[in-house]
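S.K.: For reference, the file run_21.cif (mmCIF, C-alpha atoms) is included below:
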```cif
data_data
#
loop_
_atom_site.label_atom_id
_atom_site.label_comp_id
_atom_site.auth_asym_id
_atom_site.auth_seq_id
_atom_site.Cartn_x
_atom_site.Cartn_y
_atom_site.Cartn_z
CA MET A 440 -54.46 -59.20 -168.14
CA LYS A 441 -53.50 -60.58 -164.75
CA SER A 442 -50.20 -62.34 -164.08
CA ASP A 443 -51.85 -65.73 -164.61
CA GLY A 444 -53.17 -64.70 -168.05
CA THR A 445 -56.81 -64.15 -167.10
CA LEU A 446 -58.69 -61.00 -167.99
CA GLU A 447 -58.64 -58.25 -165.36
CA ARG A 448 -60.40 -55.33 -167.09
CA TYR A 449 -61.03 -53.74 -170.49
CA LYS A 450 -59.32 -50.57 -171.67
CA ASP A 451 -60.15 -48.34 -174.61
CA ARG A 452 -58.74 -45.13 -176.04
CA LEU A 453 -60.28 -42.55 -178.35
CA VAL A 454 -57.81 -41.66 -181.11
CA ALA A 455 -57.95 -39.76 -184.37
CA GLN A 456 -58.90 -42.13 -187.21
CA GLY A 457 -57.48 -45.13 -185.41
CA TYR A 458 -59.60 -47.40 -187.60
CA LYS A 459 -57.40 -46.54 -190.59
CA GLN A 460 -54.36 -48.30 -189.17
CA GLU A 461 -53.73 -51.70 -190.73
CA TYR A 462 -51.39 -54.12 -189.04
CA GLY A 463 -48.48 -55.01 -191.29
CA LEU A 464 -49.12 -52.06 -193.63
CA ASP A 465 -48.71 -48.83 -191.66
CA TYR A 466 -48.38 -50.04 -188.09
CA GLU A 467 -44.77 -51.01 -187.38
CA GLU A 468 -42.93 -47.88 -188.57
CA THR A 469 -43.00 -45.71 -185.44
CA PHE A 470 -39.61 -43.97 -185.50
CA ALA A 471 -39.71 -40.16 -185.22
CA PRO A 472 -36.46 -38.14 -185.15
CA VAL A 473 -35.66 -35.88 -182.21
CA ALA A 474 -33.49 -32.77 -182.39
CA LYS A 475 -30.39 -32.50 -180.21
CA MET A 476 -30.27 -29.57 -177.83
CA THR A 477 -26.72 -28.88 -179.01
CA THR A 478 -28.07 -28.24 -182.52
CA ILE A 479 -30.66 -25.84 -181.18
CA ARG A 480 -28.14 -23.90 -179.07
CA TYR A 481 -25.56 -23.86 -181.87
CA ASN A 482 -27.88 -22.23 -184.40
CA GLN A 483 -29.44 -19.59 -182.13
CA ALA A 484 -27.11 -16.84 -183.33
CA GLN A 485 -27.86 -17.63 -187.00
CA CYS A 486 -31.63 -18.12 -186.92
CA ASP A 487 -34.09 -15.88 -188.73
CA MET A 488 -37.21 -17.94 -188.11
CA PHE A 489 -38.51 -20.51 -185.62
CA CYS A 490 -41.34 -23.01 -185.71
CA ARG A 491 -43.17 -23.66 -182.48
CA LEU A 492 -45.24 -26.79 -181.96
CA ARG A 493 -48.55 -25.61 -180.49
CA LYS A 494 -50.41 -28.94 -180.38
CA SER A 495 -49.41 -32.59 -180.63
CA LEU A 496 -51.52 -35.56 -181.68
CA TYR A 497 -51.16 -38.59 -179.43
CA GLY A 498 -52.83 -41.96 -179.32
CA LEU A 499 -51.74 -43.74 -182.48
CA LYS A 500 -48.43 -45.58 -182.48
CA GLN A 501 -47.37 -43.64 -185.54
CA ALA A 502 -48.60 -40.20 -184.50
CA PRO A 503 -45.13 -38.62 -183.98
CA ARG A 504 -43.81 -40.10 -187.21
CA ALA A 505 -46.88 -39.07 -189.19
CA TRP A 506 -46.70 -35.53 -187.83
CA PHE A 507 -43.02 -35.19 -188.76
CA GLU A 508 -43.58 -36.48 -192.29
CA LYS A 509 -46.40 -33.97 -192.79
CA PHE A 510 -44.23 -31.17 -191.39
CA ARG A 511 -41.27 -32.27 -193.51
CA SER A 512 -43.25 -32.23 -196.77
CA THR A 513 -44.62 -28.77 -195.96
CA ILE A 514 -41.15 -27.36 -195.21
CA ILE A 515 -39.61 -28.93 -198.33
CA ASN A 516 -42.37 -27.44 -200.48
CA ALA A 517 -41.62 -24.04 -198.93
CA GLY A 518 -38.10 -24.10 -200.36
CA PHE A 519 -36.15 -25.57 -197.45
CA SER A 520 -33.81 -28.56 -197.60
CA HIS A 521 -32.37 -30.98 -195.05
CA CYS A 522 -29.06 -30.15 -193.44
CA VAL A 523 -26.44 -32.86 -194.08
CA SER A 524 -25.29 -33.13 -190.45
CA ASP A 525 -28.69 -33.10 -188.70
CA TYR A 526 -31.87 -34.56 -190.21
CA LEU A 527 -34.08 -32.27 -188.13
CA LEU A 528 -32.35 -29.07 -189.24
CA PHE A 529 -33.85 -27.38 -192.32
CA ILE A 530 -32.01 -24.63 -194.16
CA ARG A 531 -32.86 -22.23 -196.94
CA HIS A 532 -30.39 -20.01 -198.80
CA SER A 533 -31.35 -16.48 -199.75
CA ASN A 534 -29.66 -13.48 -201.33
CA THR A 535 -28.82 -12.01 -197.92
CA GLY A 536 -27.40 -15.20 -196.42
CA MET A 537 -28.73 -18.37 -194.83
CA THR A 538 -32.08 -18.75 -193.16
CA ILE A 539 -32.42 -21.61 -190.68
CA LEU A 540 -35.65 -23.10 -189.42
CA LEU A 541 -35.64 -25.03 -186.15
CA LEU A 542 -38.07 -26.70 -183.80
CA HIS A 543 -37.57 -25.72 -180.19
CA VAL A 544 -38.78 -27.08 -176.86
CA ASP A 545 -41.79 -25.32 -175.38
CA ASP A 546 -40.28 -25.16 -171.86
CA ILE A 547 -37.38 -23.01 -173.07
CA ILE A 548 -38.02 -19.28 -173.28
CA ILE A 549 -36.09 -17.47 -176.03
CA THR A 550 -35.61 -13.73 -175.63
CA GLY A 551 -33.64 -11.32 -177.80
CA ASN A 552 -31.20 -8.69 -176.59
CA ASP A 553 -29.14 -6.10 -178.37
CA GLU A 554 -27.21 -4.43 -175.58
CA ASN A 555 -24.06 -2.59 -176.69
CA GLY A 556 -25.05 -3.15 -180.31
CA ILE A 557 -24.52 -6.93 -180.12
CA ASP A 558 -27.26 -9.26 -181.28
CA SER A 559 -27.83 -11.82 -178.54
CA ILE A 560 -30.30 -14.42 -177.38
CA MET A 561 -31.06 -15.69 -173.88
CA LEU A 562 -32.29 -19.26 -173.38
CA SER A 563 -34.04 -19.58 -170.03
CA GLN A 564 -36.14 -22.11 -168.11
CA ARG A 565 -37.24 -19.76 -165.35
CA LYS A 566 -40.84 -21.02 -165.14
CA TYR A 567 -39.61 -24.61 -164.97
CA ALA A 568 -37.09 -23.66 -162.25
CA GLU A 569 -39.81 -21.95 -160.22
CA ASP A 570 -41.97 -25.08 -160.41
CA LEU A 571 -38.98 -27.15 -159.31
CA VAL A 572 -38.41 -24.97 -156.23
CA THR A 573 -42.10 -25.29 -155.35
CA GLN A 574 -41.98 -29.05 -155.77
CA ALA A 575 -39.00 -29.28 -153.40
CA CYS A 576 -41.09 -27.70 -150.61
CA ILE A 577 -38.24 -25.56 -149.26
CA ARG A 578 -39.71 -23.65 -146.32
CA ASP A 579 -36.62 -21.90 -144.91
CA GLN A 580 -34.95 -18.78 -146.27
CA LYS A 581 -31.44 -20.18 -146.68
CA VAL A 582 -29.52 -19.00 -149.73
CA ALA A 583 -26.78 -20.95 -151.52
CA HIS A 584 -24.29 -18.95 -153.56
CA LYS A 585 -22.62 -22.10 -154.94
CA PRO A 586 -24.34 -25.30 -156.12
CA MET A 587 -21.92 -27.61 -154.27
CA GLU A 588 -19.50 -27.44 -151.39
CA ILE A 589 -15.84 -27.29 -152.38
CA ASN A 590 -13.63 -30.36 -151.88
CA VAL A 591 -16.48 -32.59 -150.69
CA ARG A 592 -16.56 -36.20 -151.91
CA TYR A 593 -19.92 -37.95 -151.71
CA LYS A 594 -19.83 -41.71 -151.19
CA ASN A 595 -22.24 -44.61 -151.02
CA ASP A 596 -23.78 -45.41 -147.62
CA ASP A 597 -22.95 -41.88 -146.48
CA GLY A 598 -25.44 -41.80 -143.59
CA ASP A 599 -29.06 -42.74 -142.98
CA PRO A 600 -31.55 -42.90 -145.88
CA PRO A 601 -33.78 -39.83 -146.42
CA ALA A 602 -37.37 -39.74 -145.32
CA GLU A 603 -38.59 -39.44 -148.92
CA PRO A 604 -36.27 -41.32 -151.32
CA THR A 605 -38.86 -41.03 -154.10
CA LEU A 606 -38.72 -37.23 -153.86
CA TYR A 607 -34.94 -37.43 -154.28
CA MET A 608 -35.34 -39.38 -157.51
CA LYS A 609 -38.00 -36.99 -158.81
CA LEU A 610 -35.96 -33.85 -158.09
CA ILE A 611 -32.83 -35.33 -159.67
CA GLY A 612 -34.78 -35.99 -162.87
CA CYS A 613 -36.08 -32.40 -162.88
CA LEU A 614 -32.57 -31.01 -162.35
CA ILE A 615 -31.21 -33.09 -165.23
CA TYR A 616 -33.77 -31.45 -167.53
CA LEU A 617 -32.87 -28.03 -166.14
CA THR A 618 -29.24 -28.50 -167.22
CA ILE A 619 -30.38 -27.83 -170.81
CA THR A 620 -29.86 -24.12 -170.08
CA ARG A 621 -28.01 -24.26 -166.74
CA SER A 622 -24.53 -25.64 -167.33
CA ASP A 623 -23.42 -24.31 -163.93
CA ILE A 624 -25.26 -27.14 -162.17
CA SER A 625 -24.29 -29.87 -164.62
CA TYR A 626 -21.44 -31.34 -162.56
CA PRO A 627 -23.14 -31.40 -159.11
CA VAL A 628 -26.27 -32.93 -160.67
CA GLN A 629 -24.11 -35.59 -162.34
CA VAL A 630 -22.50 -36.41 -158.99
CA LEU A 631 -25.75 -36.72 -157.05
CA SER A 632 -27.51 -38.67 -159.81
CA GLN A 633 -25.16 -41.58 -159.07
CA PHE A 634 -27.00 -42.18 -155.79
CA VAL A 635 -30.56 -42.28 -157.15
CA THR A 636 -31.04 -45.98 -156.40
CA ASN A 637 -29.78 -45.69 -152.80
CA PRO A 638 -29.68 -42.07 -151.59
CA CYS A 639 -28.63 -41.00 -148.09
CA GLN A 640 -29.60 -38.03 -145.97
CA HIS A 641 -26.28 -36.38 -146.79
CA HIS A 642 -27.03 -36.61 -150.50
CA PHE A 643 -30.52 -35.17 -149.99
CA PHE A 644 -29.10 -32.13 -148.17
CA ALA A 645 -26.67 -31.61 -151.07
CA LEU A 646 -29.62 -31.84 -153.47
CA LEU A 647 -31.51 -29.16 -151.56
CA ARG A 648 -28.41 -26.97 -151.72
CA ILE A 649 -28.50 -27.13 -155.54
CA ILE A 650 -32.19 -26.19 -155.53
CA ARG A 651 -31.51 -23.26 -153.18
CA TYR A 652 -28.79 -22.16 -155.57
CA VAL A 653 -31.25 -22.36 -158.47
CA GLN A 654 -33.74 -20.33 -156.43
CA SER A 655 -31.19 -17.58 -155.76
CA THR A 656 -30.16 -17.51 -159.44
CA ILE A 657 -33.60 -17.98 -160.94
CA ASN A 658 -33.03 -15.45 -163.74
CA ARG A 659 -29.92 -17.11 -165.10
CA GLY A 660 -29.87 -18.89 -168.41
CA LEU A 661 -27.70 -19.51 -171.42
CA PHE A 662 -26.47 -16.31 -173.07
CA ILE A 663 -25.63 -16.62 -176.76
CA HIS A 664 -24.44 -13.66 -178.78
CA SER A 665 -23.41 -13.29 -182.40
CA THR A 666 -19.99 -11.96 -183.42
CA SER A 667 -18.31 -11.50 -186.74
CA SER A 668 -15.94 -14.48 -186.50
CA LEU A 669 -17.27 -18.04 -186.34
CA ASN A 670 -14.71 -19.50 -183.93
CA LEU A 671 -14.96 -22.92 -182.32
CA GLU A 672 -13.25 -23.47 -178.97
CA GLY A 673 -13.11 -26.64 -176.90
CA TYR A 674 -11.96 -27.36 -173.35
CA ALA A 675 -11.58 -30.66 -171.51
CA ASP A 676 -10.66 -31.77 -168.00
CA TRP A 677 -11.21 -34.67 -165.62
CA THR A 678 -11.80 -35.50 -161.97
CA GLY A 679 -11.89 -38.65 -159.86
CA CYS A 680 -14.73 -40.66 -158.32
CA PRO A 681 -14.24 -42.05 -154.76
CA ASN A 682 -16.90 -44.75 -155.27
CA SER A 683 -16.05 -46.45 -158.56
CA TRP A 684 -12.46 -45.13 -158.85
CA LYS A 685 -13.21 -44.21 -162.43
CA SER A 686 -12.40 -40.77 -163.77
CA THR A 687 -15.09 -38.29 -164.82
CA THR A 688 -14.76 -36.47 -168.11
CA GLY A 689 -15.72 -32.83 -168.35
CA CYS A 690 -15.66 -30.87 -171.61
CA CYS A 691 -17.37 -27.85 -173.14
CA MET A 692 -17.62 -26.29 -176.60
CA LEU A 693 -17.99 -22.62 -177.43
CA ILE A 694 -19.14 -21.12 -180.73
CA ARG A 695 -18.46 -17.38 -181.10
CA SER A 696 -17.53 -17.33 -177.40
CA SER A 697 -20.98 -18.74 -176.53
CA LEU A 698 -21.38 -22.04 -174.70
CA VAL A 699 -23.37 -24.45 -176.88
CA SER A 700 -22.33 -27.93 -175.74
CA TRP A 701 -20.99 -29.48 -172.56
CA LYS A 702 -20.56 -32.94 -171.12
CA CYS A 703 -19.95 -34.40 -167.67
CA LYS A 704 -19.79 -38.19 -167.75
CA LYS A 705 -17.94 -40.96 -165.98
CA GLN A 706 -15.32 -42.65 -168.12
CA PRO A 707 -16.24 -46.25 -169.09
CA LYS A 708 -12.81 -47.72 -168.24
CA PHE A 709 -10.28 -47.37 -165.46
CA SER A 710 -7.29 -45.11 -166.12
CA LYS A 711 -3.89 -46.20 -164.88
CA SER A 712 -2.59 -42.65 -164.63
CA SER A 713 -3.76 -39.06 -164.66
CA THR A 714 -2.26 -38.69 -168.13
CA GLU A 715 -4.48 -41.47 -169.46
CA ALA A 716 -7.55 -39.86 -167.86
CA LYS A 717 -6.66 -36.55 -169.53
CA TYR A 718 -6.31 -38.19 -172.93
CA ARG A 719 -9.71 -39.84 -172.53
CA SER A 720 -11.22 -36.44 -171.78
CA MET A 721 -9.47 -34.94 -174.80
CA SER A 722 -10.80 -37.77 -176.97
CA ALA A 723 -14.38 -37.07 -175.87
CA ALA A 724 -13.88 -33.36 -176.57
CA CYS A 725 -12.47 -34.08 -180.03
CA SER A 726 -15.48 -36.26 -180.86
CA ALA A 727 -17.78 -33.37 -179.93
CA ILE A 728 -15.71 -30.96 -182.04
CA VAL A 729 -15.91 -33.25 -185.09
CA TRP A 730 -19.68 -33.56 -184.72
CA ILE A 731 -20.17 -29.77 -184.42
CA ARG A 732 -17.90 -29.04 -187.40
CA ARG A 733 -19.92 -31.39 -189.56
#
```
Let's see the structure in the file written out as structure tokens.

M.R.:
Amino acid sequence: MKSDGTLERYKDRLVAQGYKQEYGLDYEETFAPVAKMTTIRYNQAQCDMFCRLRKSLYGLKQAPRAWFEKFRSTIINAGFSHCVSDYLLFIRHSNTGMTILLLHVDDIIITGNDENGIDSIMLSQRKYAEDLVTQACIRDQKVAHKPMEINVRYKNDDGDPPAEPTLYMKLIGCLIYLTITRSDISYPVQVLSQFVTNPCQHHFFALLRIIRYVQSTINRGLFIHSTSSLNLEGYADWTGCPNSWKSTTGCCMLIRSSLVSWKCKKQPKFSKSSTEAKYRSMSAACSAIVWIRR
């Protein structure tokens, strides 16, 4: 329809058995649960089996929900049960221990490693990172050994706008997705994402520096290894923001000395002292610890 309510053109879509949907009967319930990446990373060292989604059915409003319900009934009939803390995590107890079944994202490559007799898993997004470098159209051979310059504060209106502000927005979105397995770029991406609506040339150069860093460390990923003791460690810190004057919380969680969860987010309220900012960071870290322990 046009803005004045008149008809502009017709649209149609071919879907699987769309004629079976009845409004008011099986049309409104569209919710489909989504697994947290923290859950996937946390259970890598304990997993005996994975389920990979090879094909999705789109078109109907209820397609994701219908697929999950079918998958759920199949898994339950196979002897699995829901985990109490995460609805998308299915577990099955056996005589040798616990078997965990997980869904994982197709863009993440999971490889096994047993160097030095230690069972380990590497989560990598190398193909996605290569596509990102190609999309950035970097033509020079400059190499960045660090994702961000030290002691540099980026501000609003920090120079002229870039020639392609849309490209800045697109690359920031791609880098945010890359932080699933690259925690080393989490903080610089968080800083530069604050200028998506009004980027400057200075911000764009900093963005290209991150991409050059990703290019020079293309093989890096998230290394998770299994040890005998199931220890949970948490760390928290904070830093300031020269634009909003709000503090930024930074925290990370390690299971069996493997990084499984991290957070870099601006605090919602102003802190009157550095002590208050530290306590806010500690509070966010404690919330993450409670969730993981459950």

S.K.: Residues at most 12 Å from A:Ile731, counting all atoms listed in the file, excluding those fewer than 2 positions away in the same chain, as a list in words?

M.R.: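 Listing them by chain and then by number gives Lys475, Thr477, Thr478, Ile479, Arg480, Tyr481, Asn482, Val523, Ser524, Asp525, Asn670, Leu671, Glu672, Gly673, Cys691, Met692, Leu693, Ile694, Val699, Ser700, Trp701, Ala724, Cys725, Ser726, Ala727, Ile728, Val729 and Arg733 of chain A.
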
S.K.: Could you give me, as a count of residues only, the residues that have an atom at most 9 Å away from the point (-18.4, -37.8, -154.0) in the coordinates of the file, using all atoms listed in the file?

M.R.: 11

S.K.: Residues at most 9 Å from A:Gln654, counting all atoms listed in the file, excluding those fewer than 2 positions away in the same chain, as a PyMOL selection string?

M.R.: chain A and resi 568-569+572+582-583+649-652+656-658

S.K.: Could you check how far atom CA of A:Ala716 sits from atom CA of A:Thr687, in Å to one decimal?

M.R.: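 Between these atoms lies a distance of 8.3 Å.
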
S.K.: Given the file shown, enumerate the residues that the PyMOL selection byres ((chain A and resi 514-518) around 9) captures and present them as number ranges by chain.

M.R.: A: 509-513, 519-521, 529-532

S.K.: Just checking: using only C-alpha atoms, which residue out of A:Lys702, A:Ala474, A:Cys639, A:Asp623 ends up closest to A:Ala602?

M.R.: A:Cys639

S.K.: Report, in Å to a single decimal, how far apart atom CA of A:Ser720 and atom CA of A:Gly689 are.

M.R.: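 Computing the Euclidean distance for atom CA of A:Gly689 and atom CA of A:Ser720 yields 6.7 Å.
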
S.K.: Counting only C-alpha atoms, which residue out of A:Arg565, A:Arg719, A:Arg448, A:Lys708 sits closest to A:Asp676?

M.R.: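 Of the candidates, the smallest distance to A:Asp676 is held by A:Arg719.
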
S.K.: Which residue, A:Arg732, A:Arg659, A:Lys685, A:Lys450, has the smallest gap to A:Thr620 when you use all atoms listed in the file?

M.R.: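 The shortest atom-to-atom distance to A:Thr620 comes from A:Arg659.
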
S.K.: Could you state the separation of atom CA of A:Gly598 and atom CA of A:Pro586 in Å, given to one decimal place?

M.R.: 20.7 Å

S.K.: Select, from A:Ile663, A:Lys717, A:Thr618, A:Thr445, the residue with the minimum atom-to-atom distance to A:Arg695, counting only C-alpha atoms.

M.R.: A:Ile663

S.K.: Care to translate the PyMOL selection byres ((chain A and resi 576) around 12) into actual residues of this file, as a list in words?

M.R.: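 Output of the PyMOL selection byres ((chain A and resi 576) around 12): Glu569, Asp570, Leu571, Val572, Thr573, Gln574, Ala575, Ile577, Arg578, Asp579, Gln580, Leu606, Leu610, Leu647, Ile650, Arg651 and Gln654 of chain A.
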
S.K.: Keeping only C-alpha atoms, write the selected residues to a file as an mmCIF file, keeping the file's coordinate frame.

M.R.:
```cif
data_model
loop_
_atom_site.group_PDB
_atom_site.id
_atom_site.type_symbol
_atom_site.label_atom_id
_atom_site.label_comp_id
_atom_site.auth_asym_id
_atom_site.auth_seq_id
_atom_site.Cartn_x
_atom_site.Cartn_y
_atom_site.Cartn_z
ATOM 1 C CA GLU A 569 -39.810 -21.950 -160.220
ATOM 2 C CA ASP A 570 -41.970 -25.080 -160.410
ATOM 3 C CA LEU A 571 -38.980 -27.150 -159.310
ATOM 4 C CA VAL A 572 -38.410 -24.970 -156.230
ATOM 5 C CA THR A 573 -42.100 -25.290 -155.350
ATOM 6 C CA GLN A 574 -41.980 -29.050 -155.770
ATOM 7 C CA ALA A 575 -39.000 -29.280 -153.400
ATOM 8 C CA ILE A 577 -38.240 -25.560 -149.260
ATOM 9 C CA ARG A 578 -39.710 -23.650 -146.320
ATOM 10 C CA ASP A 579 -36.620 -21.900 -144.910
ATOM 11 C CA GLN A 580 -34.950 -18.780 -146.270
ATOM 12 C CA LEU A 606 -38.720 -37.230 -153.860
ATOM 13 C CA LEU A 610 -35.960 -33.850 -158.090
ATOM 14 C CA LEU A 647 -31.510 -29.160 -151.560
ATOM 15 C CA ILE A 650 -32.190 -26.190 -155.530
ATOM 16 C CA ARG A 651 -31.510 -23.260 -153.180
ATOM 17 C CA GLN A 654 -33.740 -20.330 -156.430
#
```

S.K.: Please provide as a VMD selection string all residues within 12 Å of A:Asp599, with the sequence filter that same-chain residues fewer than 4 positions apart are discarded (counting all atoms listed in the file).

M.R.: chain A and resid 595 603 to 604 637 to 644

S.K.: Can you write out the residues you just picked, keeping C-alpha atoms, as a PDB file, keeping the file's coordinate frame?

M.R.:
```
ATOM      1  CA  ASN A 595     -22.240 -44.610-151.020  1.00  0.00           C
ATOM      2  CA  GLU A 603     -38.590 -39.440-148.920  1.00  0.00           C
ATOM      3  CA  PRO A 604     -36.270 -41.320-151.320  1.00  0.00           C
ATOM      4  CA  ASN A 637     -29.780 -45.690-152.800  1.00  0.00           C
ATOM      5  CA  PRO A 638     -29.680 -42.070-151.590  1.00  0.00           C
ATOM      6  CA  CYS A 639     -28.630 -41.000-148.090  1.00  0.00           C
ATOM      7  CA  GLN A 640     -29.600 -38.030-145.970  1.00  0.00           C
ATOM      8  CA  HIS A 641     -26.280 -36.380-146.790  1.00  0.00           C
ATOM      9  CA  HIS A 642     -27.030 -36.610-150.500  1.00  0.00           C
ATOM     10  CA  PHE A 643     -30.520 -35.170-149.990  1.00  0.00           C
ATOM     11  CA  PHE A 644     -29.100 -32.130-148.170  1.00  0.00           C
TER      12      PHE A 644
END
```
